[in-house]
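Below is one structure, written out as C-alpha cells, with a few remarks after it.
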Amino acid sequence: MAKSDEIENFRKQHKTELKADRAARADTSFFGHPQGLATLFGLELWERFSYLGFQAILALYFADAIANGGLGYEKTTASSVFAAYGALVYLLAIAGAWIADRISGTYRAVLWGGTIIAAGHIFMGIPREFATWIGLALIIIGTGLLKPNVSTMVGELYEKGDNRRDAGFSIYYSGINIGAFLGPIVAGWLGQKIDWHWGFAAAAVGMILGLIQYVAGRKHLAGRMRAAAVQETFTRDKNFYLTIGIVTAGFAVGIIFALTAHNGLNQLINIITGVTAIVPAVFLIYMYRSKRVTDTERRNLAPYSLLLIALVAYNLMYFQTGNTLNFLALEQTNNTLLGYEYPSTWYIALTAIVEIAMGPVLAWLWIKLGSRQPHVAAKVGIGTVLGGTAFVIIALGSWTTGTGTLIPALWVVACYIFLGLGDLVLQTSGMSATTKLAPAPSPPKPWHYGSPPWH
C-alpha cells in the first residue's frame with residue numbers, strides 16, 4: 001500500500017478524532033485562544049503550585065530536628081538529597097517524553113504523571129520517614145512524565161502557521177509563574193509555621209485540583225489523532241524495555257533511600273549525579289549518529305550542545321533557591337517586617353513576581369529592538385550573567401554584614417530579583433533556540449519518513 005493511501009485510510013478510521021482536533025484548534029473562546037489553553041493553564045498553575053511549594057520546604061524538612069517534625073539529617077546530607085532529587089527529575093523527563101511520543105500519547109502521559117505526583121505528595125504528608133522516601137520517588141517519576149509533555153499539548157492546540165501560538169505560550173507561561181508564586185507562599189507558611197507535613201499536604205491538594213480540571217476539560221484538548229497513531233503503532237522493542245528499566249530504576253532509588261537512610265546515602269547521591277551528567281551526553285551522541293537526523297539538524301547540534309551547557313550551568317545556580325539560599329534565608333537573614341516574622345521560604349516566590357511583572361516588558365523590548373535585538377546566544381549569556389550577579393549580591397551582603405549578625409532582608413530580595421530576571425531572559429531565549437536548533441521529533445512508525453496523518 002502506498003504511503004499516501006495508508007495515511008488516508010488512517011484518517012478515515014479516525015475521522016472522529018480528526019474532527020475533534022480541528023474543532024479544538026478552531027476555538028477562540030479563551031481570550032481569542034482555544035478553550036484547551038485554559039485547561040492546560042490551570043493544570044500547570046496547580047502543578048507548579050505543588051512542585052514549587054514542595055521544593056521550598058523539602059531540604060528544610062530533611063535538616064530540621066526530629067523534635068520539630070523534621071528528619072534530623074545533617075544539612076549537607078539534606079542538600080545532597082535535594083540536589084539528587086532535582087537531577088532525577090530532569091533525567092526521567094527524557095523517559096517521560098519518550099513514553100508520550102512512542103507509547104501513550106501526551107494526554108495519558110500527563111494524566112498518569114499527575115496522578116503519580118498527587119500520590120507522592122499524599123505520602124509526603126504522612127509523618128513517617130519511609131513514607132517520605134516513597135513519596136519522593138513517586139514525585140520524581142510523576143514529574144518526569146508530566147513536565148516535558150504539558151508544553152507539547154499547548155503546541156498541539158495550534159495548527160502550523162497559527163499566529164496565536166506565541167501568545168498562547170505566553171499565557172501558558174503566566175500560569176507557571178502564578179503557581180510558582182503561590183506554592184512557596186502557602187506550603188512555605190504551613191510547613192514552617194504549623195507542620196512540615198501540612199505543607200506537603202497542601203501540595204497534594206494543589207495537584208489533585210489540577211488533575212480534576214484537566215480531566216474535566218479533556219474535550220477541549222487537541223492531539224487525539226497523534227495519540228491514536230502512537231498507540232496503534234506502538235511495539236515492545238528494545239527502546240520500550242530500556243525505558244521500563246529507567247522507570248524501574250527510579251522506583252529502586254526510592255527503595256534504596258529508605259533502606260540505606262544515613263548509611264551510604266552520599267555514595268548513592270554521587271552515583272545519581274554521575275548518571276545524570278552522562279545521560280545527556282549519550283543522547284546528544286545518539287542524535288548525532290541517528291539516520292533520522294538531517295544534515296542541517298546535525299550541524300545545529302554543536303551550537304545546541306553549547307546552549308545546553310549554559311542552560312545546565314544556570315539551572316544549577318537557580319536550583320539553589322530551594323537549597324543553599326533557602327538555608328541562608330532561614331539561618332542567617334533577618335526575616336521580619338513591621339514586627340512580623342515571615343517564613344524564610346517566601347523569598348522563593350520573588351522570582352515569580354519578577355517574571356510576571358517583567359515578562360511583558362521583555363517581550364515589548366525585543367519587539368521594539370527588532371533586528372537590533374541581541375543574538376539568542378547573547379541573550380543566554382545575559383541571563384547567565386544576571387544569575388551570577390545574584391550570587392555576587394548575596395556574597396556582598398554576607399561580607400558587609402559581618403559575623404554574628406543577621407543579613408538584612410533587602411540583600412536577599414535583591415538576589416532573588418536578579419535570579420528572576422536571569423531566569424526570564426535565559427529560559428525564554430533558551431526555549432526559542434531549542435525549537436530552532438534541536439532535531440525535530442519524528443512521527444511514530446510507519447510515518448518516520450513521510451507526512452504523519454494528523455497534518
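Here, A, B, ... name the chains of the C-alpha cells in the order displayed, residue numbers run from 1 inside each chain, and ligands are numbered from 1 in the same displayed order.
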
Give me every alpha helix (DSSP H) residue in stretch 156-245 of chain A, going by DSSP on the backbone, as an NGL selection string.
-> :A and (156 or 165-189 or 196-216 or 224-233 or 238-245)

Using only C-alpha atoms, determine which residues lie at most 10 Å from A:Phe327, disregarding the query and same-chain residues fewer than 6 positions distant; provide the list as a ChimeraX atom specification.
-> /A:59-60,63,75,79,320-321,333,344-345

N, CA and C atoms of the current selection, written as a PDB file, in the first residue's frame:
ATOM      1  N   ALA A  59      14.275  20.528  51.557  1.00  0.00           N
ATOM      2  CA  ALA A  59      15.586  20.465  52.205  1.00  0.00           C
ATOM      3  C   ALA A  59      15.489  20.881  53.670  1.00  0.00           C
ATOM      4  N   LEU A  60      14.653  21.870  53.972  1.00  0.00           N
ATOM      5  CA  LEU A  60      14.492  22.324  55.359  1.00  0.00           C
ATOM      6  C   LEU A  60      13.897  21.222  56.218  1.00  0.00           C
ATOM      7  N   ALA A  63      16.527  18.625  57.081  1.00  0.00           N
ATOM      8  CA  ALA A  63      17.551  19.102  58.012  1.00  0.00           C
ATOM      9  C   ALA A  63      16.998  19.491  59.379  1.00  0.00           C
ATOM     10  N   LYS A  75      22.832  19.052  57.502  1.00  0.00           N
ATOM     11  CA  LYS A  75      22.445  19.998  56.451  1.00  0.00           C
ATOM     12  C   LYS A  75      23.083  19.650  55.111  1.00  0.00           C
ATOM     13  N   SER A  79      21.052  18.797  51.705  1.00  0.00           N
ATOM     14  CA  SER A  79      21.329  19.497  50.451  1.00  0.00           C
ATOM     15  C   SER A  79      21.617  18.512  49.327  1.00  0.00           C
ATOM     16  N   GLN A 320      19.545  26.518  43.557  1.00  0.00           N
ATOM     17  CA  GLN A 320      19.961  26.813  44.928  1.00  0.00           C
ATOM     18  C   GLN A 320      18.878  27.565  45.699  1.00  0.00           C
ATOM     19  N   THR A 321      17.826  28.027  45.012  1.00  0.00           N
ATOM     20  CA  THR A 321      16.740  28.708  45.726  1.00  0.00           C
ATOM     21  C   THR A 321      16.090  27.784  46.754  1.00  0.00           C
ATOM     22  N   THR A 333      19.391  35.314  57.928  1.00  0.00           N
ATOM     23  CA  THR A 333      18.711  36.505  57.412  1.00  0.00           C
ATOM     24  C   THR A 333      17.681  37.003  58.423  1.00  0.00           C
ATOM     25  N   SER A 344      10.895  32.049  55.899  1.00  0.00           N
ATOM     26  CA  SER A 344      12.038  32.312  55.020  1.00  0.00           C
ATOM     27  C   SER A 344      11.808  31.805  53.601  1.00  0.00           C
ATOM     28  N   THR A 345      10.918  30.833  53.429  1.00  0.00           N
ATOM     29  CA  THR A 345      10.638  30.272  52.098  1.00  0.00           C
ATOM     30  C   THR A 345       9.906  31.264  51.202  1.00  0.00           C
TER      31      THR A 345
END

Expressed in Å, the length from atom CA of A:Ile212 to atom CA of A:Ala24 is 19.5 Å

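You will find atom CA of A:Gly179 at 5.9 Å from atom CA of A:Trp46.
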
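Picture a line from atom CA of A:Ile116 to atom CA of A:Asn68; it runs 28.3 Å.
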
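Excluding A:Gly70 and any residue on its chain fewer than 3 positions from it, the residues at most 10 Å away by only C-alpha atoms are Leu58, Ala59, Leu60, Tyr61, Phe62, Ala63, Asp64, Ala65, Ile66, Ala67, Tyr73, Pro127, Arg128, Glu129, Asp195, Trp196 and His197 of chain A.
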
A:Tyr107 surroundings by only C-alpha atoms, 10 Å radius, close-in-sequence under 5 positions cut, as an MDAnalysis selection string = chainID A and resid 100 112:113 146 149:150 152:153 214:215 218 221:224 227

Give me a file of those residues, with N, CA and C atoms, as a PDB file, in the first residue's frame.
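Everything below was put into again-v7.pdb:
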ATOM      1  N   ALA A 100       5.427   9.364  26.039  1.00  0.00           N
ATOM      2  CA  ALA A 100       4.344  10.064  25.349  1.00  0.00           C
ATOM      3  C   ALA A 100       4.483   9.967  23.847  1.00  0.00           C
ATOM      4  N   TRP A 112      -1.246  10.241  33.799  1.00  0.00           N
ATOM      5  CA  TRP A 112      -0.513   9.303  34.651  1.00  0.00           C
ATOM      6  C   TRP A 112       0.479  10.053  35.539  1.00  0.00           C
ATOM      7  N   GLY A 113       1.218  10.993  34.931  1.00  0.00           N
ATOM      8  CA  GLY A 113       2.205  11.739  35.695  1.00  0.00           C
ATOM      9  C   GLY A 113       1.579  12.519  36.831  1.00  0.00           C
ATOM     10  N   LEU A 146       5.039  14.094  33.503  1.00  0.00           N
ATOM     11  CA  LEU A 146       4.151  15.233  33.232  1.00  0.00           C
ATOM     12  C   LEU A 146       4.865  16.419  32.600  1.00  0.00           C
ATOM     13  N   ASN A 149       5.677  17.038  28.788  1.00  0.00           N
ATOM     14  CA  ASN A 149       4.582  16.798  27.845  1.00  0.00           C
ATOM     15  C   ASN A 149       3.481  17.845  27.868  1.00  0.00           C
ATOM     16  N   VAL A 150       3.385  18.632  28.960  1.00  0.00           N
ATOM     17  CA  VAL A 150       2.328  19.642  29.010  1.00  0.00           C
ATOM     18  C   VAL A 150       2.559  20.709  27.945  1.00  0.00           C
ATOM     19  N   THR A 152       4.062  20.370  25.176  1.00  0.00           N
ATOM     20  CA  THR A 152       3.744  19.769  23.877  1.00  0.00           C
ATOM     21  C   THR A 152       2.251  19.854  23.601  1.00  0.00           C
ATOM     22  N   MET A 153       1.444  19.646  24.637  1.00  0.00           N
ATOM     23  CA  MET A 153      -0.010  19.725  24.471  1.00  0.00           C
ATOM     24  C   MET A 153      -0.459  21.143  24.112  1.00  0.00           C
ATOM     25  N   TYR A 214      -8.178  19.206  34.704  1.00  0.00           N
ATOM     26  CA  TYR A 214      -7.571  18.647  33.485  1.00  0.00           C
ATOM     27  C   TYR A 214      -8.475  17.597  32.868  1.00  0.00           C
ATOM     28  N   VAL A 215      -8.981  16.690  33.685  1.00  0.00           N
ATOM     29  CA  VAL A 215      -9.890  15.648  33.185  1.00  0.00           C
ATOM     30  C   VAL A 215     -11.210  16.265  32.726  1.00  0.00           C
ATOM     31  N   ARG A 218     -10.941  17.808  29.207  1.00  0.00           N
ATOM     32  CA  ARG A 218     -10.316  16.991  28.172  1.00  0.00           C
ATOM     33  C   ARG A 218     -10.918  17.233  26.793  1.00  0.00           C
ATOM     34  N   LEU A 221      -9.159  19.661  24.479  1.00  0.00           N
ATOM     35  CA  LEU A 221      -7.760  19.456  24.118  1.00  0.00           C
ATOM     36  C   LEU A 221      -7.632  18.848  22.729  1.00  0.00           C
ATOM     37  N   ALA A 222      -6.518  19.092  22.079  1.00  0.00           N
ATOM     38  CA  ALA A 222      -6.239  18.505  20.765  1.00  0.00           C
ATOM     39  C   ALA A 222      -5.221  17.372  20.938  1.00  0.00           C
ATOM     40  N   GLY A 223      -4.760  16.825  19.816  1.00  0.00           N
ATOM     41  CA  GLY A 223      -3.761  15.765  19.874  1.00  0.00           C
ATOM     42  C   GLY A 223      -4.322  14.361  19.831  1.00  0.00           C
ATOM     43  N   ARG A 224      -5.638  14.216  19.578  1.00  0.00           N
ATOM     44  CA  ARG A 224      -6.238  12.881  19.568  1.00  0.00           C
ATOM     45  C   ARG A 224      -5.724  12.031  18.414  1.00  0.00           C
ATOM     46  N   ALA A 227      -2.235  10.826  19.198  1.00  0.00           N
ATOM     47  CA  ALA A 227      -2.285   9.793  20.230  1.00  0.00           C
ATOM     48  C   ALA A 227      -2.730   8.455  19.642  1.00  0.00           C
TER      49      ALA A 227
END

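When only C-alpha atoms are used to measure the gap to A:Lys147, the shortest distance among A:Ala202, A:Leu111, A:Leu182, A:Ala249 belongs to A:Leu111.
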
Please provide as a PyMOL selection string all residues within 10 Å of A:Glu159, with the sequence filter that same-chain residues fewer than 5 positions apart are discarded (counting only C-alpha atoms).
-> chain A and resi 21-22+25-26+164-165+455

Please identify all polymer residues within 10 Å of A:Glu331, counting only C-alpha atoms, omitting same-chain residues fewer than 5 positions from it, and present them as a PyMOL selection string.
-> chain A and resi 325-326+344+406-407

Could you save the residues just selected, with all heavy atoms, as a CSV table (one decimal), in the first residue's frame?
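Just written: part33.csv:
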chain,number,residue,atom,x,y,z
A,325,LEU,N,20.5,28.8,49.2
A,325,LEU,CA,19.9,30.1,49.5
A,325,LEU,C,18.7,29.9,50.5
A,325,LEU,O,18.5,30.8,51.3
A,325,LEU,CB,19.3,30.8,48.2
A,325,LEU,CG,20.4,31.3,47.3
A,325,LEU,CD1,19.7,31.9,46.0
A,325,LEU,CD2,21.2,32.4,47.9
A,326,ASN,N,18.1,28.8,50.5
A,326,ASN,CA,17.0,28.5,51.4
A,326,ASN,C,17.5,28.4,52.8
A,326,ASN,O,16.9,29.0,53.8
A,326,ASN,CB,16.4,27.2,51.0
A,326,ASN,CG,14.9,27.1,51.3
A,326,ASN,OD1,14.3,28.1,51.8
A,326,ASN,ND2,14.2,26.1,51.0
A,344,SER,N,10.9,32.0,55.9
A,344,SER,CA,12.0,32.3,55.0
A,344,SER,C,11.8,31.8,53.6
A,344,SER,O,12.4,32.3,52.6
A,344,SER,CB,13.3,31.7,55.6
A,344,SER,OG,13.1,30.3,55.7
A,406,LEU,N,22.6,39.1,61.6
A,406,LEU,CA,21.7,38.6,60.5
A,406,LEU,C,21.8,39.6,59.3
A,406,LEU,O,21.8,40.8,59.5
A,406,LEU,CB,20.3,38.6,61.1
A,406,LEU,CG,20.0,37.5,62.1
A,406,LEU,CD1,18.5,37.7,62.6
A,406,LEU,CD2,20.3,36.1,61.6
A,407,ILE,N,21.8,39.0,58.1
A,407,ILE,CA,21.8,39.7,56.9
A,407,ILE,C,20.5,40.5,56.7
A,407,ILE,O,19.4,39.9,56.9
A,407,ILE,CB,22.0,38.8,55.7
A,407,ILE,CG1,23.4,38.1,55.8
A,407,ILE,CG2,22.0,39.6,54.4
A,407,ILE,CD1,23.5,36.9,54.8

So which residues touch stretch 135-140 of chain A within 8 Å, counting only C-alpha atoms, skipping near sequence neighbours fewer than 3 positions away, as a list of chain:residue names?
->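 Result of the neighbour search: A:Tyr85, A:Leu88, A:Val89, A:Leu92, A:Ile116, A:Ile117, A:Ala118, A:Ala119, A:Gly120, A:His121, A:Ile122, A:Phe123, A:Met124, A:Ala131, A:Thr132, A:Thr143, A:Gly144, A:Gly250, A:Phe251, A:Val253, A:Gly254.
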